[in-house]
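Coordinates as given in run.cif (mmCIF, C-alpha atoms (C1' of nucleotides)):
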data_run
#
loop_
_atom_site.group_PDB
_atom_site.id
_atom_site.type_symbol
_atom_site.label_atom_id
_atom_site.label_comp_id
_atom_site.auth_asym_id
_atom_site.auth_seq_id
_atom_site.Cartn_x
_atom_site.Cartn_y
_atom_site.Cartn_z
ATOM 1 C CA MET I 1 90.559 26.829 -52.810
ATOM 2 C CA PRO I 2 88.225 27.419 -54.814
ATOM 3 C CA GLU I 3 85.797 29.430 -52.780
ATOM 4 C CA LEU I 4 82.044 29.006 -52.781
ATOM 5 C CA PRO I 5 81.455 29.908 -56.464
ATOM 6 C CA GLU I 6 84.012 27.421 -57.753
ATOM 7 C CA VAL I 7 82.614 24.644 -55.584
ATOM 8 C CA GLU I 8 79.142 25.478 -56.891
ATOM 9 C CA PHE I 9 80.478 25.020 -60.426
ATOM 10 C CA TYR I 10 81.955 21.704 -59.306
ATOM 11 C CA ARG I 11 78.623 20.722 -57.820
ATOM 12 C CA LYS I 12 76.828 21.402 -61.080
ATOM 13 C CA LEU I 13 79.467 19.509 -63.001
ATOM 14 C CA SER I 14 79.199 16.569 -60.640
ATOM 15 C CA GLU I 15 75.512 16.190 -61.440
ATOM 16 C CA ARG I 16 76.727 14.418 -64.561
ATOM 17 C CA VAL I 17 77.701 11.407 -62.490
ATOM 18 C CA LEU I 18 74.348 10.885 -60.803
ATOM 19 C CA ASP I 19 72.671 7.512 -61.277
ATOM 20 C CA ARG I 20 75.749 6.018 -62.938
ATOM 21 C CA PRO I 21 76.917 2.714 -61.408
ATOM 22 C CA ILE I 22 80.285 2.976 -59.708
ATOM 23 C CA LYS I 23 82.821 0.465 -60.924
ATOM 24 C CA GLY I 24 85.765 1.354 -58.744
ATOM 25 C CA VAL I 25 87.683 3.888 -56.679
ATOM 26 C CA ASP I 26 91.325 4.867 -57.142
ATOM 27 C CA ALA I 27 92.848 6.443 -54.056
ATOM 28 C CA PRO I 28 96.601 6.309 -54.619
ATOM 29 C CA ASP I 29 97.423 8.988 -52.048
ATOM 30 C CA ALA I 30 96.585 7.998 -48.475
ATOM 31 C CA TRP I 31 97.407 11.518 -47.295
ATOM 32 C CA TYR I 32 94.466 12.740 -49.327
ATOM 33 C CA LEU I 33 91.972 10.566 -47.435
ATOM 34 C CA LYS I 34 90.726 12.333 -44.312
ATOM 35 C CA ARG I 35 89.003 11.506 -41.043
ATOM 36 C CA GLY I 36 89.645 7.819 -41.177
ATOM 37 C CA ALA I 37 88.698 7.141 -44.786
ATOM 38 C CA THR I 38 90.818 4.516 -46.520
ATOM 39 C CA ALA I 39 90.993 3.207 -50.041
ATOM 40 C CA ARG I 40 89.388 0.050 -48.703
ATOM 41 C CA SER I 41 86.491 1.813 -46.967
ATOM 42 C CA LEU I 42 85.853 3.987 -50.003
ATOM 43 C CA ARG I 43 85.737 0.990 -52.308
ATOM 44 C CA ALA I 44 83.566 -0.983 -49.933
ATOM 45 C CA GLY I 45 81.170 1.909 -49.519
ATOM 46 C CA LEU I 46 80.845 2.966 -53.123
ATOM 47 C CA ARG I 47 81.515 0.101 -55.491
ATOM 48 C CA GLY I 48 78.397 -1.153 -57.187
ATOM 49 C CA ARG I 49 76.351 1.792 -55.951
ATOM 50 C CA ALA I 50 75.451 5.139 -57.511
ATOM 51 C CA PHE I 51 75.306 8.746 -56.445
ATOM 52 C CA VAL I 52 71.813 10.229 -56.429
ATOM 53 C CA ALA I 53 72.323 13.829 -55.318
ATOM 54 C CA ALA I 54 75.021 16.503 -55.456
ATOM 55 C CA ARG I 55 74.923 19.026 -52.633
ATOM 56 C CA ARG I 56 77.167 21.803 -51.441
ATOM 57 C CA ILE I 57 77.648 23.446 -48.064
ATOM 58 C CA GLY I 58 80.097 26.299 -48.268
ATOM 59 C CA LYS I 59 83.203 24.851 -49.862
ATOM 60 C CA LEU I 60 82.315 21.239 -49.154
ATOM 61 C CA LEU I 61 80.898 19.162 -52.008
ATOM 62 C CA LEU I 62 78.683 16.257 -50.974
ATOM 63 C CA LEU I 63 77.716 13.338 -53.162
ATOM 64 C CA ASP I 64 74.908 11.325 -51.641
ATOM 65 C CA GLY I 65 74.353 7.715 -52.582
ATOM 66 C CA SER I 66 71.264 5.601 -52.682
ATOM 67 C CA ASP I 67 70.063 3.949 -49.485
ATOM 68 C CA GLY I 68 72.850 2.494 -47.413
ATOM 69 C CA THR I 69 75.571 4.253 -49.359
ATOM 70 C CA PRO I 70 77.851 6.618 -47.434
ATOM 71 C CA THR I 71 78.007 10.242 -48.513
ATOM 72 C CA LEU I 72 81.225 11.211 -50.232
ATOM 73 C CA GLY I 73 82.653 14.552 -49.083
ATOM 74 C CA LEU I 74 85.125 16.424 -51.273
ATOM 75 C CA HIS I 75 87.018 19.531 -50.305
ATOM 76 C CA PHE I 76 89.437 21.181 -52.614
ATOM 77 C CA GLY I 77 91.984 23.114 -50.595
ATOM 78 C CA MET I 78 93.481 25.988 -52.520
ATOM 79 C CA SER I 79 94.488 24.144 -55.649
ATOM 80 C CA GLY I 80 92.024 21.305 -56.122
ATOM 81 C CA ARG I 81 89.976 20.891 -59.268
ATOM 82 C CA LEU I 82 87.163 18.595 -60.182
ATOM 83 C CA ILE I 83 87.207 16.828 -63.527
ATOM 84 C CA VAL I 84 84.285 14.731 -64.739
ATOM 85 C CA ASP I 85 84.606 12.635 -67.873
ATOM 86 C CA GLY I 86 87.599 14.788 -68.776
ATOM 87 C CA VAL I 87 85.705 18.060 -68.380
ATOM 88 C CA ALA I 88 87.059 20.519 -65.815
ATOM 89 C CA GLY I 89 84.700 22.449 -63.551
ATOM 90 C CA VAL I 90 86.544 25.705 -63.990
ATOM 91 C CA ASP I 91 88.931 26.841 -66.683
ATOM 92 C CA ASP I 92 91.371 28.711 -64.528
ATOM 93 C CA LEU I 93 92.315 28.512 -60.934
ATOM 94 C CA MET I 94 94.642 31.128 -59.567
ATOM 95 C CA TYR I 95 97.656 29.773 -57.737
ATOM 96 C CA ALA I 96 97.118 26.335 -59.151
ATOM 97 C CA SER I 97 98.779 24.939 -62.180
ATOM 98 C CA ASN I 98 96.548 24.225 -65.117
ATOM 99 C CA LYS I 99 98.853 21.655 -66.586
ATOM 100 C CA ASP I 100 97.236 18.405 -67.465
ATOM 101 C CA LEU I 101 99.233 15.977 -65.424
ATOM 102 C CA GLY I 102 98.019 12.622 -64.233
ATOM 103 C CA ALA I 103 100.465 12.698 -61.344
ATOM 104 C CA TRP I 104 98.268 15.329 -59.702
ATOM 105 C CA ASP I 105 95.205 13.136 -59.767
ATOM 106 C CA ARG I 106 94.742 12.337 -56.080
ATOM 107 C CA PHE I 107 91.415 10.587 -56.205
ATOM 108 C CA ARG I 108 89.166 9.024 -58.776
ATOM 109 C CA VAL I 109 85.770 7.356 -58.949
ATOM 110 C CA ARG I 110 85.346 5.205 -62.043
ATOM 111 C CA PHE I 111 81.960 4.415 -63.519
ATOM 112 C CA SER I 112 80.978 1.275 -65.330
ATOM 113 C CA ASP I 113 80.183 3.295 -68.455
ATOM 114 C CA GLY I 114 83.884 4.185 -68.744
ATOM 115 C CA GLY I 115 83.684 7.746 -67.438
ATOM 116 C CA ASP I 116 85.163 9.039 -64.210
ATOM 117 C CA LEU I 117 85.200 11.766 -61.603
ATOM 118 C CA ARG I 118 88.675 12.964 -60.650
ATOM 119 C CA MET I 119 90.183 15.362 -58.157
ATOM 120 C CA ARG I 120 93.351 16.985 -59.415
ATOM 121 C CA ASP I 121 95.270 18.820 -56.736
ATOM 122 C CA PRO I 122 98.925 19.764 -57.175
ATOM 123 C CA ARG I 123 99.368 20.974 -53.609
ATOM 124 C CA ARG I 124 97.437 18.156 -51.948
ATOM 125 C CA LEU I 125 95.632 20.600 -49.669
ATOM 126 C CA GLY I 126 92.208 19.200 -50.453
ATOM 127 C CA GLY I 127 90.848 15.867 -49.357
ATOM 128 C CA VAL I 128 88.198 13.177 -49.447
ATOM 129 C CA GLU I 129 86.111 11.771 -46.614
ATOM 130 C CA LEU I 130 83.105 9.566 -46.005
ATOM 131 C CA ASP I 131 79.965 10.777 -44.247
ATOM 132 C CA PRO I 132 81.357 14.198 -43.380
ATOM 133 C CA ASP I 133 80.076 15.896 -40.259
ATOM 134 C CA GLU I 134 77.940 18.621 -41.770
ATOM 135 C CA GLU I 135 77.346 20.171 -38.356
ATOM 136 C CA ARG I 136 80.897 21.450 -38.306
ATOM 137 C CA LEU I 137 79.913 24.082 -40.877
ATOM 138 C CA GLY I 138 77.826 27.179 -40.388
ATOM 139 C CA PRO I 139 75.019 28.167 -42.771
ATOM 140 C CA ASP I 140 75.957 28.524 -46.408
ATOM 141 C CA ALA I 141 76.999 32.076 -47.270
ATOM 142 C CA LEU I 142 74.632 32.152 -50.228
ATOM 143 C CA MET I 143 71.624 31.254 -48.078
ATOM 144 C CA VAL I 144 72.389 33.092 -44.845
ATOM 145 C CA SER I 145 69.829 35.664 -43.676
ATOM 146 C CA ALA I 146 70.635 39.109 -42.327
ATOM 147 C CA GLY I 147 69.435 37.989 -38.925
ATOM 148 C CA GLU I 148 71.748 35.012 -38.954
ATOM 149 C CA LEU I 149 74.626 37.205 -40.057
ATOM 150 C CA ALA I 150 73.982 39.504 -37.110
ATOM 151 C CA ARG I 151 74.144 36.525 -34.804
ATOM 152 C CA ILE I 152 77.316 35.271 -36.486
ATOM 153 C CA LEU I 153 79.064 38.583 -35.943
ATOM 154 C CA GLY I 154 77.682 38.532 -32.422
ATOM 155 C CA VAL I 155 79.673 39.981 -29.597
ATOM 156 C CA SER I 156 83.015 38.873 -30.900
ATOM 157 C CA ASN I 157 86.076 41.057 -30.661
ATOM 158 C CA ALA I 158 87.709 39.204 -33.544
ATOM 159 C CA PRO I 159 88.181 41.183 -36.763
ATOM 160 C CA VAL I 160 85.048 41.074 -38.897
ATOM 161 C CA LYS I 161 87.052 39.490 -41.715
ATOM 162 C CA ALA I 162 88.136 36.583 -39.505
ATOM 163 C CA ARG I 163 84.538 36.046 -38.469
ATOM 164 C CA LEU I 164 83.286 35.990 -42.053
ATOM 165 C CA MET I 165 85.916 33.396 -42.965
ATOM 166 C CA ASP I 166 85.220 31.145 -39.966
ATOM 167 C CA GLN I 167 83.710 28.121 -41.693
ATOM 168 C CA ALA I 168 82.158 26.849 -38.476
ATOM 169 C CA ARG I 169 80.020 29.989 -38.324
ATOM 170 C CA LEU I 170 79.553 30.895 -41.988
ATOM 171 C CA ALA I 171 80.431 28.441 -44.735
ATOM 172 C CA GLY I 172 81.881 29.438 -48.071
ATOM 173 C CA VAL I 173 83.654 32.769 -47.644
ATOM 174 C CA GLY I 174 87.363 32.667 -48.397
ATOM 175 C CA ASN I 175 90.029 35.305 -48.596
ATOM 176 C CA LEU I 176 89.081 36.803 -51.950
ATOM 177 C CA ILE I 177 85.340 36.996 -51.296
ATOM 178 C CA ALA I 178 85.989 38.504 -47.867
ATOM 179 C CA ASP I 179 88.216 41.248 -49.253
ATOM 180 C CA GLU I 180 85.784 42.015 -52.071
ATOM 181 C CA VAL I 181 82.705 42.146 -49.825
ATOM 182 C CA LEU I 182 84.373 44.407 -47.271
ATOM 183 C CA TRP I 183 85.725 46.636 -49.992
ATOM 184 C CA ARG I 184 82.298 46.968 -51.604
ATOM 185 C CA ALA I 185 80.605 47.530 -48.262
ATOM 186 C CA GLY I 186 83.158 50.119 -47.182
ATOM 187 C CA VAL I 187 84.118 48.230 -44.047
ATOM 188 C CA ASP I 188 87.584 48.071 -42.512
ATOM 189 C CA PRO I 189 88.449 44.359 -42.264
ATOM 190 C CA ARG I 190 90.071 44.881 -38.864
ATOM 191 C CA ARG I 191 86.950 46.226 -37.195
ATOM 192 C CA PRO I 192 85.689 44.093 -34.303
ATOM 193 C CA ALA I 193 82.787 41.957 -35.455
ATOM 194 C CA SER I 194 80.627 43.267 -32.640
ATOM 195 C CA ALA I 195 80.956 46.880 -33.785
ATOM 196 C CA PHE I 196 78.127 46.802 -36.296
ATOM 197 C CA ASP I 197 74.675 48.214 -35.860
ATOM 198 C CA SER I 198 71.739 46.577 -37.602
ATOM 199 C CA ALA I 199 71.854 48.918 -40.597
ATOM 200 C CA GLU I 200 75.499 48.060 -41.158
ATOM 201 C CA VAL I 201 74.819 44.346 -40.813
ATOM 202 C CA LYS I 202 72.128 44.669 -43.468
ATOM 203 C CA ARG I 203 74.540 46.484 -45.778
ATOM 204 C CA LEU I 204 77.177 43.826 -45.213
ATOM 205 C CA HIS I 205 74.607 41.106 -45.846
ATOM 206 C CA ARG I 206 73.460 42.754 -49.074
ATOM 207 C CA HIS I 207 77.021 43.008 -50.361
ATOM 208 C CA LEU I 208 77.796 39.453 -49.329
ATOM 209 C CA ARG I 209 74.869 38.099 -51.327
ATOM 210 C CA LYS I 210 75.489 40.387 -54.285
ATOM 211 C CA THR I 211 79.214 39.662 -54.435
ATOM 212 C CA ILE I 212 78.707 35.904 -54.483
ATOM 213 C CA ALA I 213 75.921 36.247 -57.058
ATOM 214 C CA ASP I 214 78.195 38.392 -59.224
ATOM 215 C CA PHE I 215 81.004 35.864 -58.929
ATOM 216 C CA LEU I 216 78.661 33.063 -59.961
ATOM 217 C CA ASP I 217 77.499 35.121 -62.962
ATOM 218 C CA ARG I 218 80.979 36.186 -63.975
ATOM 219 C CA GLY I 219 82.610 32.814 -63.620
ATOM 220 C CA GLY I 220 84.417 32.693 -60.302
ATOM 221 C CA SER I 221 86.060 34.283 -57.309
ATOM 222 C CA HIS I 222 88.794 35.793 -59.436
ATOM 223 C CA THR I 223 86.329 38.153 -61.146
ATOM 224 C CA GLY I 224 86.155 40.714 -58.349
ATOM 225 C CA ASP I 225 86.378 44.439 -58.967
ATOM 226 C CA LEU I 226 89.061 44.727 -56.313
ATOM 227 C CA LEU I 227 91.049 41.730 -57.432
ATOM 228 C CA PRO I 228 93.171 43.291 -60.220
ATOM 229 C CA HIS I 229 94.371 45.884 -57.703
ATOM 230 C CA ARG I 230 94.976 43.386 -54.960
ATOM 231 C CA VAL I 231 98.752 43.439 -55.442
ATOM 232 C CA ARG I 232 101.641 45.221 -53.789
ATOM 233 C CA GLY I 233 101.486 48.863 -54.814
ATOM 234 C CA GLY I 234 97.851 48.466 -55.883
ATOM 235 C CA VAL I 235 95.520 51.456 -55.925
ATOM 236 C CA CYS I 236 91.857 51.548 -54.900
ATOM 237 C CA PRO I 237 89.788 51.698 -58.083
ATOM 238 C CA LYS I 238 87.193 53.820 -56.281
ATOM 239 C CA ASP I 239 89.410 56.384 -54.596
ATOM 240 C CA GLY I 240 92.748 56.195 -56.362
ATOM 241 C CA VAL I 241 94.700 55.887 -53.125
ATOM 242 C CA SER I 242 97.215 53.174 -52.326
ATOM 243 C CA LEU I 243 95.656 50.076 -50.813
ATOM 244 C CA GLU I 244 96.756 48.912 -47.395
ATOM 245 C CA ARG I 245 98.206 45.426 -47.109
ATOM 246 C CA ALA I 246 98.446 43.430 -43.884
ATOM 247 C CA GLN I 247 97.650 40.107 -42.284
ATOM 248 C CA VAL I 248 94.104 40.066 -40.931
ATOM 249 C CA GLY I 249 92.591 36.878 -39.607
ATOM 250 C CA GLY I 250 95.811 35.172 -40.600
ATOM 251 C CA ARG I 251 95.418 35.964 -44.283
ATOM 252 C CA THR I 252 96.907 38.570 -46.563
ATOM 253 C CA THR I 253 94.379 41.379 -46.743
ATOM 254 C CA TYR I 254 94.082 44.428 -48.968
ATOM 255 C CA TRP I 255 91.788 47.337 -48.168
ATOM 256 C CA CYS I 256 91.269 50.995 -48.945
ATOM 257 C CA PRO I 257 92.113 53.337 -46.068
ATOM 258 C CA THR I 258 89.854 56.029 -47.503
ATOM 259 C CA HIS I 259 86.451 54.434 -47.929
ATOM 260 C CA GLN I 260 86.721 51.317 -45.723
ATOM 261 C CA ARG I 261 85.935 52.424 -42.200
ATOM 262 C "C1'" DA L 1 85.443 28.961 -25.542
ATOM 263 C "C1'" DT L 2 87.674 32.070 -28.337
ATOM 264 C "C1'" DT L 3 91.366 33.706 -30.860
ATOM 265 C "C1'" DG L 4 95.870 33.733 -32.965
ATOM 266 C "C1'" DT L 5 99.899 31.147 -34.814
ATOM 267 C "C1'" DG L 6 102.359 27.878 -37.269
ATOM 268 C "C1'" DG L 7 102.505 24.331 -40.344
ATOM 269 C "C1'" DC L 8 101.043 21.358 -43.924
ATOM 270 C "C1'" DC L 9 102.316 20.562 -49.388
ATOM 271 C "C1'" DT L 10 103.757 21.883 -53.913
ATOM 272 C "C1'" DG L 11 104.296 25.021 -57.828
ATOM 273 C "C1'" DC L 12 105.194 29.447 -59.746
ATOM 274 C "C1'" DC L 13 107.164 33.926 -60.249
ATOM 275 C "C1'" DC L 14 110.381 37.398 -59.390
ATOM 276 C "C1'" DG L 15 114.870 39.169 -58.715
ATOM 277 C "C1'" DC L 16 119.680 38.333 -58.614
ATOM 278 C "C1'" DT O 1 119.825 29.715 -67.467
ATOM 279 C "C1'" DG O 2 119.811 28.633 -62.538
ATOM 280 C "C1'" DC O 3 118.620 29.381 -57.883
ATOM 281 C "C1'" DG O 4 116.578 31.056 -53.608
ATOM 282 C "C1'" DG O 5 112.988 33.434 -51.416
ATOM 283 C "C1'" DG O 6 108.450 34.688 -51.101
ATOM 284 C "C1'" DC O 7 104.003 33.858 -52.024
ATOM 285 C "C1'" DA O 8 99.522 31.385 -52.771
ATOM 286 C "C1'" DG O 9 91.536 31.438 -53.286
ATOM 287 C "C1'" DG O 10 92.360 26.492 -47.172
ATOM 288 C "C1'" DC O 11 92.324 24.120 -43.127
ATOM 289 C "C1'" DC O 12 93.903 21.756 -38.927
ATOM 290 C "C1'" DA O 13 96.278 21.089 -34.508
ATOM 291 C "C1'" DC O 14 97.874 23.530 -30.907
ATOM 292 C "C1'" DA O 15 98.710 27.152 -27.330
ATOM 293 C "C1'" DA O 16 97.499 31.085 -24.527
#
In structure tokens, how does this file's structure come out?
Amino acid sequence: MPELPEVEFYRKLSERVLDRPIKGVDAPDAWYLKRGATARSLRAGLRGRAFVAARRIGKLLLLDGSDGTPTLGLHFGMSGRLIVDGVAGVDDLMYASNKDLGAWDRFRVRFSDGGDLRMRDPRRLGGVELDPDEERLGPDALMVSAGELARILGVSNAPVKARLMDQARLAGVGNLIADEVLWRAGVDPRRPASAFDSAEVKRLHRHLRKTIADFLDRGGSHTGDLLPHRVRGGVCPKDGVSLERAQVGGRTTYWCPTHQR
DNA sequence: ATTGTGGCCTGCCCGC
DNA sequence: TGCGGGCAGGCCACAA
């Protein structure tokens, strides 16, 4: 998916729909409705109401309604995009097609003024739910404190990268952000999460915050300094040595064997 | 409980 | 030009 920065752009875009009466809901793909949501329950919950707030926790976008209205939860998988009144939240999404094709519209909320909010997701890896359990997510990666990060890494023997990407502990870090943060911080992604002293946790925390801030400034998770070299045969732009490539935490991982320790 | 694995679903890109 | 394999920014169910 979109990682945290993209979902933040979606959140901002979705503010356009606040306070607009909802006329209807199109949910043509039952697979796309999660945790018991149905086209019927979505219509019953939303029609005639309005959203009043757009929140984000990690990669989950939350649209709150006025009193008595269920909260709509949107998650975007790896290829989902948000389109409001025909305007897309991001221009480009790696690994997703940018073709304009109605067949990929999996979900739509229509407003009585004629506009709409759509989720376009070629791979159908995203989804829609009502009243999502927000407790299933850890603190947002943009807001997390160094102390919390220390606790998140904890005593775990799991690779630090897996821990950073565990949404139940820390919400918002995906594969690209994880690789970029660890590369900037000079940390081997395979290191056990417990093997960090407080100075190292602080350094990791600083790079986590700075990386996400940079990605928000630059326009997305694909703007990393490591990213262009994150290919087979790629070379570390700091050290000029070949990057390592392996599965870590179940995801393809690139790192520099020279400066990531 | 924690951690790793496989699978989901579809499109794209590369090499033959 | 056509085709098969590999790959993909995420997440969930399941097993050890």
The PyMOL selection byres ((chain O) within 8 of (chain I)) applied to the shown file, residues as a PyMOL selection string:
chain O and resi 8-11
Would you compute, for all listed atoms of region 4-14 of chain O, the axis-aligned bounding box grown by 6 Å on each side, and then report its centre and edge lengths in Å rounded to one decimal, as lines of an AutoDock Vina configuration file?
center_x = 104.1
center_y = 27.9
center_z = -42.3
size_x = 37.0
size_y = 25.6
size_z = 34.7
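Selection by the PyMOL selection byres ((chain L) within 9 of (chain I)) on the present file picks out DT2, DT3, DG4, DT5, DC8, DC9, DT10, DG11 and DC12 of chain L.
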Given the selection you just returned, output its residues as a file containing C-alpha atoms (C1' of nucleotides), formatted as a short mmCIF file (atom, residue, chain, number, x, y, z; two decimals), in the coordinates of the input.
data_model
loop_
_atom_site.label_atom_id
_atom_site.label_comp_id
_atom_site.auth_asym_id
_atom_site.auth_seq_id
_atom_site.Cartn_x
_atom_site.Cartn_y
_atom_site.Cartn_z
"C1'" DT L 2 87.67 32.07 -28.34
"C1'" DT L 3 91.37 33.71 -30.86
"C1'" DG L 4 95.87 33.73 -32.97
"C1'" DT L 5 99.90 31.15 -34.81
"C1'" DC L 8 101.04 21.36 -43.92
"C1'" DC L 9 102.32 20.56 -49.39
"C1'" DT L 10 103.76 21.88 -53.91
"C1'" DG L 11 104.30 25.02 -57.83
"C1'" DC L 12 105.19 29.45 -59.75
#
Hey, what comes out of the PyMOL selection byres ((chain O and resi 13) around 10) on this file? Could you write it as a PyMOL selection string?
(chain L and resi 6-7) or (chain O and resi 11-12+14-15)
Based on the selection just made, write C-alpha atoms (C1' of nucleotides) of those residues as a PDB file, keeping the file's coordinate frame.
ATOM      1  C1'  DG L   6     102.359  27.878 -37.269  1.00  0.00           C
ATOM      2  C1'  DG L   7     102.505  24.331 -40.344  1.00  0.00           C
TER       3       DG L   7
ATOM      4  C1'  DC O  11      92.324  24.120 -43.127  1.00  0.00           C
ATOM      5  C1'  DC O  12      93.903  21.756 -38.927  1.00  0.00           C
ATOM      6  C1'  DC O  14      97.874  23.530 -30.907  1.00  0.00           C
ATOM      7  C1'  DA O  15      98.710  27.152 -27.330  1.00  0.00           C
TER       8       DA O  15
END
For Thr211 (chain I), which residue among I:Val241, I:Ala141, I:Leu170, I:Leu61 is the nearest when counting only C-alpha atoms?
I:Ala141
Distance query Asp133 (chain I) at most 12 Å, all atoms listed in the file, self and fewer than 5 positions along chain excluded, as a ChimeraX atom specification:
/I:34-35,57,60,62,70-73,138,168
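Pairwise distance (CA of Val155 (chain I), CA of Ala178 (chain I)) equals 19.4 Å.
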Test item: residues at most 12 Å from Phe111 (chain I), only C-alpha atoms (C1' of nucleotides), excluding those fewer than 4 positions along its chain, as a short mmCIF file (atom, residue, chain, number, x, y, z; two decimals) with C-alpha atoms, in the frame of the given file:
data_model
loop_
_atom_site.label_atom_id
_atom_site.label_comp_id
_atom_site.auth_asym_id
_atom_site.auth_seq_id
_atom_site.Cartn_x
_atom_site.Cartn_y
_atom_site.Cartn_z
CA ARG I 16 76.73 14.42 -64.56
CA VAL I 17 77.70 11.41 -62.49
CA LEU I 18 74.35 10.88 -60.80
CA ASP I 19 72.67 7.51 -61.28
CA ARG I 20 75.75 6.02 -62.94
CA PRO I 21 76.92 2.71 -61.41
CA ILE I 22 80.28 2.98 -59.71
CA LYS I 23 82.82 0.46 -60.92
CA GLY I 24 85.76 1.35 -58.74
CA VAL I 25 87.68 3.89 -56.68
CA ASP I 26 91.32 4.87 -57.14
CA LEU I 46 80.84 2.97 -53.12
CA ARG I 47 81.52 0.10 -55.49
CA GLY I 48 78.40 -1.15 -57.19
CA ARG I 49 76.35 1.79 -55.95
CA ALA I 50 75.45 5.14 -57.51
CA PHE I 51 75.31 8.75 -56.44
CA VAL I 84 84.28 14.73 -64.74
CA ASP I 85 84.61 12.64 -67.87
CA GLY I 115 83.68 7.75 -67.44
CA ASP I 116 85.16 9.04 -64.21
CA LEU I 117 85.20 11.77 -61.60
CA ARG I 118 88.68 12.96 -60.65
#
So the first atom is CA of Arg56 (chain I) and the second is CA of Val7 (chain I); what is the distance between them in Å, to one decimal place?
7.4 Å
Take CA of Glu244 (chain I) and CA of Lys161 (chain I) and report the distance between them in Å, one decimal.
14.7 Å
So that I can see what lies close to Ile152 (chain I), please list as a PyMOL selection string the residues with an atom at most 10 Å from it, counting only C-alpha atoms (C1' of nucleotides) and leaving out residues fewer than 4 positions away in the same chain.
chain I and resi 138-139+144+146-148+156+160+163-164+166+168-170+193-194
Contacts of DG6 (chain O) at 12 Å or less, counting all atoms listed in the file, minus same-chain residues fewer than 4 places along, as a ChimeraX atom specification?
/L:12-15
